[in-house]
Amino acid sequence: MTTPKRIVFLTGTRADFGKVRSLMLALEADPNFELFVYVTGMHLSEIHGSTYKEVERLGVKNVYVDVSSHSDSPTMSLRLGRIVDSFTRYVNWIKPDMVVVHGDRLEPMAGALVAALSNVRLAHIEGGEITGTIDEALRHSITKLANEHFVANEEARDCLLSLGEDPSRVFVIGSPDMDAMASAADAPLAPVMSHYQIPFDVYGVALLHPVTSEFDETPEQARIFVDALLASEKNWVVIYPNNDHGHEFILQEYKRLQNHPRFRLFPSMRFESFLTLIAHAEVMAGNSSAGVREACVYGLPSVDIGSRQHGRYQLEALKNLVHVPFEKDAILKAMTDLTDRHYDAAPWGDGRSDERFMDVITKAQFWETSTQKRLKVSQ
């Protein structure tokens, strides 16, 4: 390639940024590419820690924090519309050769719509996964808009093929967050505890997100969760939920934990610090995907609560995880009984996703394929 290809990564949350960070750095280091990072969504929320600052600290040249795309509206479709409008202007300005989005939230959905309607090649990271709630519908919708798919494993690939995607455009590279997990696990815990002023030697990590399809139940779910944390008599590091509709009910319940000696609450945390923290934790509780994936890799006993992670592949086979409903006694029992550590990184790769990603996109034929979507119907 003679003229560097312009590639825009859209990041909307602390989680997706941490997971694709290694891919961004690989692109930044390659003279065949010009990396642009568009920052929007929850990154711009002061309540959630203003995590756009973490993206700026990455050290790449072209980071654009689009404050015009921010909205505090609880209505997710209004927030999506704001990002579509702002990102369209950005794409028209940068004129990228490819847009890259990750996951299943409204921010990558907005990016996917803009790329598809602008006839810009769209790459989707970690499609084909089963996550439940509105996230799953968004993830599969992004799949149908995307031209190129970089998936975590063969199960995800099979899911995309069942949706009619072209097998030649589905690439198994592993989960990019695995690229960061080994070094974070080996990092010393003491600097993290000192930086965040966490006084506990033994602790659990709690992370609860709202389930948008269960909005009316969220206040009661949040109350039960906090009741269980208080009754557990354990020390807890509590991370704020994402900004999906209903998160305000969880934050309201978390007020009961403020200034309590057994709890430390954080709007957000640097991804590497979060990984180091959970690698050394006693238990994890809530309904975050981190309780399924990162906890599994580190062998962290994990209590998955409610329906948010239902349907994930291999969920029943994860020996470090137990699933319970939103019932205080069931949650407490799981926290007490789940003590063995079972390490299992196999479903999500070997920490070389960045290498595999670059191997795909540095081939000339990758850029020669049409952006016209074609449904592949199995015979």
# chains A, B, ... in the order shown; residues from 1 in each chain; ligands from 1
>>> residues_around(residues="Ala115 in chain A", least_positions_apart="5", cutoff="9 Å", atoms="only C-alpha atoms", output="PyMOL selection string")
chain A and resi 88+91+98-99+110+120-122+145-146
>>> residues_around(residues="range 141-143 of chain A", least_positions_apart="5", cutoff="8 Å", atoms="only C-alpha atoms", output="ChimeraX atom specification")
/A:104,108-109,112,124,127-128,149,160
>>> closest_residue(among="A:Gln309, A:Ser353, A:Ser175, A:Thr2", to="Glu34 in chain A", atoms="only C-alpha atoms")
A:Thr2
>>> residues_around(residues="Gly306 in chain A", least_positions_apart="6", cutoff="9 Å", atoms="only C-alpha atoms", output="list of chain:residue names")
A:Gln221, A:Gly286, A:Asn287, A:His323, A:Val324, A:Pro325, A:Phe326
>>> residues_around(residues="Val226 in chain A", least_positions_apart="2", cutoff="9 Å", atoms="only C-alpha atoms", output="count of residues only")
13
>>> residues_around(residues="range 207-219 of chain A", least_positions_apart="2", cutoff="10 Å", atoms="only C-alpha atoms", output="PyMOL selection string")
chain A and resi 76+132-135+205+221-226+237-253+284-291+304-308
>>> residues_around(residues="Ala180 in chain A", least_positions_apart="5", cutoff="10 Å", atoms="only C-alpha atoms", output="PyMOL selection string")
chain A and resi 18-22+185+271-272+275+351-352
>>> residues_around(residues="Asp158 in chain A", least_positions_apart="4", cutoff="12 Å", atoms="only C-alpha atoms", output="PyMOL selection string")
chain A and resi 127-130+149+151-154+162-167+170-172+313
>>> closest_residue(among="A:Lys61, A:Val67, A:Leu106, A:Ala29", to="Gly81 in chain A", atoms="only C-alpha atoms")
A:Leu106
>>> closest_residue(among="A:Pro4, A:Gly59, A:Pro176, A:Pro261", to="Asp16 in chain A", atoms="only C-alpha atoms")
A:Pro176
>>> atom_distance(atom1="CA of Ala187 in chain A", atom2="CA of Val202 in chain A")
17.2 Å
>>> atom_distance(atom1="CA of Val292 in chain A", atom2="CA of Asn320 in chain A")
8.9 Å
>>> closest_atom_pairs(of="range 190-273 of chain A", to="range 50-58 of chain A", cutoff="10 Å", atoms="only C-alpha atoms", output="tab-separated table")
residue	atom	partner	partner_atom	distance
A:Pro267	CA	A:Ser50	CA	8.8
A:Ser268	CA	A:Thr51	CA	7.4
A:Met269	CA	A:Thr51	CA	8.4
A:Arg270	CA	A:Glu54	CA	7.1
A:Phe271	CA	A:Glu54	CA	9.0
